[in-house]
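Visitor: Shown below is the structure under consideration.
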Amino acid sequence: MRVEPDVLADLGKSPERMGFFQLWGYVDQLQAQGQPVNRLGFTLWQKVTMPLACAVMVLVAAPFVSLNPRGGGRVGRLLVGIALGMLFHASNVLVGQLTAAGGLAPVVAAWLPLAAFTLLGSVLLLRAR
């Protein structure tokens, strides 16, 4: 088994600090060598999905925005919004752990919370109208 110098150089780096294409190459090389890459694959796909998470969180938060400043229940809506944000984070951690254990494919795990919360935000937005 031949180890490329690039792989050795990347061993000390945290996958979160690598760029997308650098991490893609690192995962590809490790996969070619038969190494487990579930956790690294999840981190790779999170580099794609996390920027989209901002838009999804806006979609989820939109139904809780009151156009009537005198309307009551603002604190309750704020707490529900915070709870949903924490639930999104917890779901990302959960699928990350499932991926590391081999229970989910990295690409599915990275997109699953995003898809679930997009659906939730869409339903909440439609109900608010």
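Chain labels A, B, ... are given in the sequence in which chains occur in the structure tokens; within each chain residues are numbered consecutively from 1, and ligands are likewise numbered from 1 in the order shown.
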List as a JSON list (two decimals) with all heavy atoms, in the first residue's frame the protein and nucleic acid residues near Thr49 of chain A, meaning an atom at most 10 Å away when only C-alpha atoms are counted, but skip any in the same chain fewer than 2 places from it.
Guide:
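Just written: part.json:
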[["chain", "number", "residue", "atom", "x", "y", "z"],
["A", 43, "THR", "N", -18.50, 15.45, 7.22],
["A", 43, "THR", "CA", -17.94, 16.81, 7.32],
["A", 43, "THR", "C", -17.85, 17.45, 5.94],
["A", 43, "THR", "O", -18.15, 18.64, 5.78],
["A", 43, "THR", "CB", -16.55, 16.76, 7.98],
["A", 43, "THR", "OG1", -16.66, 16.14, 9.26],
["A", 43, "THR", "CG2", -15.98, 18.16, 8.14],
["A", 44, "LEU", "N", -17.49, 16.66, 4.95],
["A", 44, "LEU", "CA", -17.42, 17.16, 3.57],
["A", 44, "LEU", "C", -18.78, 17.66, 3.11],
["A", 44, "LEU", "O", -18.91, 18.77, 2.59],
["A", 44, "LEU", "CB", -16.90, 16.06, 2.65],
["A", 44, "LEU", "CG", -16.90, 16.38, 1.16],
["A", 44, "LEU", "CD1", -15.81, 17.39, 0.85],
["A", 44, "LEU", "CD2", -16.69, 15.12, 0.35],
["A", 45, "TRP", "N", -19.81, 16.85, 3.29],
["A", 45, "TRP", "CA", -21.13, 17.25, 2.82],
["A", 45, "TRP", "C", -21.74, 18.36, 3.66],
["A", 45, "TRP", "O", -22.57, 19.13, 3.18],
["A", 45, "TRP", "CB", -22.06, 16.03, 2.74],
["A", 45, "TRP", "CG", -21.72, 15.23, 1.53],
["A", 45, "TRP", "CD1", -21.06, 14.05, 1.48],
["A", 45, "TRP", "CD2", -21.97, 15.62, 0.17],
["A", 45, "TRP", "NE1", -20.89, 13.66, 0.17],
["A", 45, "TRP", "CE2", -21.44, 14.60, -0.65],
["A", 45, "TRP", "CE3", -22.59, 16.71, -0.43],
["A", 45, "TRP", "CZ2", -21.52, 14.64, -2.03],
["A", 45, "TRP", "CZ3", -22.66, 16.75, -1.80],
["A", 45, "TRP", "CH2", -22.13, 15.73, -2.59],
["A", 46, "GLN", "N", -21.32, 18.47, 4.91],
["A", 46, "GLN", "CA", -21.79, 19.60, 5.72],
["A", 46, "GLN", "C", -21.24, 20.93, 5.19],
["A", 46, "GLN", "O", -21.87, 21.97, 5.38],
["A", 46, "GLN", "CB", -21.40, 19.43, 7.18],
["A", 46, "GLN", "CG", -22.42, 18.68, 7.97],
["A", 46, "GLN", "CD", -22.21, 18.86, 9.45],
["A", 46, "GLN", "OE1", -21.09, 18.86, 9.93],
["A", 46, "GLN", "NE2", -23.30, 18.99, 10.17],
["A", 47, "LYS", "N", -20.11, 20.89, 4.54],
["A", 47, "LYS", "CA", -19.57, 22.11, 3.94],
["A", 47, "LYS", "C", -20.49, 22.61, 2.81],
["A", 47, "LYS", "O", -20.48, 23.79, 2.48],
["A", 47, "LYS", "CB", -18.16, 21.88, 3.41],
["A", 47, "LYS", "CG", -17.14, 21.70, 4.52],
["A", 47, "LYS", "CD", -15.75, 21.60, 3.99],
["A", 47, "LYS", "CE", -14.74, 21.45, 5.08],
["A", 47, "LYS", "NZ", -14.57, 22.64, 5.91],
["A", 51, "PRO", "N", -24.15, 26.22, 4.64],
["A", 51, "PRO", "CA", -24.54, 27.55, 4.16],
["A", 51, "PRO", "C", -26.03, 27.63, 3.81],
["A", 51, "PRO", "O", -26.66, 28.67, 3.98],
["A", 51, "PRO", "CB", -23.67, 27.75, 2.91],
["A", 51, "PRO", "CG", -22.48, 26.89, 3.16],
["A", 51, "PRO", "CD", -23.00, 25.69, 3.89],
["A", 52, "LEU", "N", -26.60, 26.52, 3.34],
["A", 52, "LEU", "CA", -28.03, 26.50, 3.03],
["A", 52, "LEU", "C", -28.88, 26.50, 4.30],
["A", 52, "LEU", "O", -30.05, 26.87, 4.26],
["A", 52, "LEU", "CB", -28.36, 25.28, 2.18],
["A", 52, "LEU", "CG", -27.64, 25.19, 0.85],
["A", 52, "LEU", "CD1", -27.91, 23.85, 0.18],
["A", 52, "LEU", "CD2", -28.05, 26.33, -0.06],
["A", 53, "ALA", "N", -28.30, 26.08, 5.41],
["A", 53, "ALA", "CA", -29.03, 26.03, 6.67],
["A", 53, "ALA", "C", -29.49, 27.42, 7.11],
["A", 53, "ALA", "O", -30.54, 27.54, 7.76],
["A", 53, "ALA", "CB", -28.19, 25.39, 7.75],
["A", 54, "CYS", "N", -28.75, 28.43, 6.75],
["A", 54, "CYS", "CA", -29.16, 29.80, 7.10],
["A", 54, "CYS", "C", -30.50, 30.14, 6.45],
["A", 54, "CYS", "O", -31.40, 30.68, 7.11],
["A", 54, "CYS", "CB", -28.10, 30.80, 6.67],
["A", 54, "CYS", "SG", -26.54, 30.59, 7.52],
["A", 107, "VAL", "N", -23.73, 11.47, 2.79],
["A", 107, "VAL", "CA", -24.49, 12.44, 2.01],
["A", 107, "VAL", "C", -25.94, 12.50, 2.50],
["A", 107, "VAL", "O", -26.53, 13.58, 2.59],
["A", 107, "VAL", "CB", -24.40, 12.14, 0.50],
["A", 107, "VAL", "CG1", -25.05, 10.83, 0.13],
["A", 107, "VAL", "CG2", -24.98, 13.27, -0.32],
["A", 110, "ALA", "N", -26.03, 14.37, 5.93],
["A", 110, "ALA", "CA", -25.82, 15.81, 5.85],
["A", 110, "ALA", "C", -27.08, 16.53, 5.35],
["A", 110, "ALA", "O", -27.38, 17.64, 5.78],
["A", 110, "ALA", "CB", -24.65, 16.12, 4.94],
["A", 111, "TRP", "N", -27.82, 15.88, 4.44],
["A", 111, "TRP", "CA", -29.01, 16.52, 3.87],
["A", 111, "TRP", "C", -30.28, 16.27, 4.68],
["A", 111, "TRP", "O", -31.26, 17.01, 4.54],
["A", 111, "TRP", "CB", -29.22, 16.05, 2.44],
["A", 111, "TRP", "CG", -28.26, 16.68, 1.48],
["A", 111, "TRP", "CD1", -27.12, 16.14, 1.00],
["A", 111, "TRP", "CD2", -28.36, 17.98, 0.90],
["A", 111, "TRP", "NE1", -26.49, 17.03, 0.15],
["A", 111, "TRP", "CE2", -27.24, 18.17, 0.08],
["A", 111, "TRP", "CE3", -29.28, 19.02, 1.01],
["A", 111, "TRP", "CZ2", -27.01, 19.34, -0.64],
["A", 111, "TRP", "CZ3", -29.05, 20.18, 0.30],
["A", 111, "TRP", "CH2", -27.93, 20.34, -0.51],
["A", 112, "LEU", "N", -30.30, 15.25, 5.54],
["A", 112, "LEU", "CA", -31.52, 14.88, 6.25],
["A", 112, "LEU", "C", -32.07, 15.98, 7.16],
["A", 112, "LEU", "O", -33.25, 16.33, 7.04],
["A", 112, "LEU", "CB", -31.28, 13.58, 7.04],
["A", 112, "LEU", "CG", -32.49, 12.95, 7.69],
["A", 112, "LEU", "CD1", -33.53, 12.57, 6.64],
["A", 112, "LEU", "CD2", -32.07, 11.72, 8.49],
["A", 113, "PRO", "N", -31.28, 16.57, 8.07],
["A", 113, "PRO", "CA", -31.84, 17.65, 8.90],
["A", 113, "PRO", "C", -32.29, 18.85, 8.08],
["A", 113, "PRO", "O", -33.32, 19.46, 8.37],
["A", 113, "PRO", "CB", -30.68, 18.03, 9.83],
["A", 113, "PRO", "CG", -29.76, 16.88, 9.80],
["A", 113, "PRO", "CD", -29.90, 16.25, 8.45],
["A", 114, "LEU", "N", -31.54, 19.16, 7.04],
["A", 114, "LEU", "CA", -31.89, 20.29, 6.18],
["A", 114, "LEU", "C", -33.23, 20.05, 5.49],
["A", 114, "LEU", "O", -34.09, 20.93, 5.46],
["A", 114, "LEU", "CB", -30.78, 20.53, 5.17],
["A", 114, "LEU", "CG", -30.72, 21.89, 4.52],
["A", 114, "LEU", "CD1", -30.40, 22.95, 5.54],
["A", 114, "LEU", "CD2", -29.68, 21.89, 3.43],
["A", 115, "ALA", "N", -33.41, 18.85, 4.96],
["A", 115, "ALA", "CA", -34.67, 18.52, 4.28],
["A", 115, "ALA", "C", -35.83, 18.50, 5.27],
["A", 115, "ALA", "O", -36.92, 19.02, 4.97],
["A", 115, "ALA", "CB", -34.55, 17.16, 3.59]]
Visitor: Considering only C-alpha atoms, tabulate each residue of segment 38-76 of chain A that lies at most 9 Å from segment 87-100 of chain A along with its nearest interatomic pair and the corresponding distance in Å to one decimal; arrange the rows by chain and ascending residue number and present them as a tab-separated table.
Guide:
residue	atom	partner	partner_atom	distance
A:Asn38	CA	A:Ala100	CA	5.4
A:Arg39	CA	A:Ala100	CA	4.8
A:Leu40	CA	A:Ala100	CA	8.6
A:Gly41	CA	A:Thr99	CA	8.8
A:Phe42	CA	A:Gly96	CA	6.7
A:Thr43	CA	A:Gly96	CA	8.4
A:Met57	CA	A:Phe88	CA	8.8
Visitor: For atom CA of Val75 of chain A and atom CA of Ala128 of chain A, determine how far apart the two atoms are, in Å to one decimal place.
Guide: 17.4 Å
Visitor: One decimal, in Å: what's the spacing between atom CA of Ala109 of chain A and atom CA of Val37 of chain A?
Guide: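 Distance between the two atoms: 13.4 Å.
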Visitor: Segment 15-59 of chain A: which residues are alpha helix (DSSP H) by DSSP, as number ranges by chain?
Guide: A: 20-32, 38-59
Visitor: Report as a list in words all protein, DNA and RNA residues lying within 12 Å of Leu78 of chain A, evaluated on only C-alpha atoms, omitting residues in the same chain fewer than 3 positions from it.
Guide: Ala61, Ala62, Pro63, Phe64, Val65, Ser66, Gly72, Gly73, Arg74, Val75, Gly81, Ile82, Ala83, Leu84 and Gly85 of chain A
Visitor: Store the residues of this selection in a file with C-alpha atoms, as a PDB file, in the first residue's frame.
Guide:
ATOM      1  CA  ALA A  61     -38.488  31.465  11.699  1.00  0.00           C
ATOM      2  CA  ALA A  62     -40.726  33.353   9.247  1.00  0.00           C
ATOM      3  CA  PRO A  63     -44.050  32.096  10.654  1.00  0.00           C
ATOM      4  CA  PHE A  64     -43.088  33.314  14.121  1.00  0.00           C
ATOM      5  CA  VAL A  65     -42.574  36.908  13.015  1.00  0.00           C
ATOM      6  CA  SER A  66     -45.537  39.024  13.981  1.00  0.00           C
ATOM      7  CA  GLY A  72     -49.223  39.241  22.390  1.00  0.00           C
ATOM      8  CA  GLY A  73     -47.241  36.068  22.683  1.00  0.00           C
ATOM      9  CA  ARG A  74     -43.949  37.415  21.390  1.00  0.00           C
ATOM     10  CA  VAL A  75     -41.956  35.755  24.145  1.00  0.00           C
ATOM     11  CA  GLY A  81     -37.883  29.737  17.588  1.00  0.00           C
ATOM     12  CA  ILE A  82     -34.922  29.201  19.911  1.00  0.00           C
ATOM     13  CA  ALA A  83     -36.080  25.648  20.640  1.00  0.00           C
ATOM     14  CA  LEU A  84     -36.344  24.893  16.912  1.00  0.00           C
ATOM     15  CA  GLY A  85     -32.825  26.216  16.347  1.00  0.00           C
TER      16      GLY A  85
END
Visitor: Between atom CA of Gln29 of chain A and atom CA of Val48 of chain A, what distance in Å does the model show, to one decimal?
Guide: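 Separation between atom CA of Gln29 of chain A and atom CA of Val48 of chain A: 19.9 Å.
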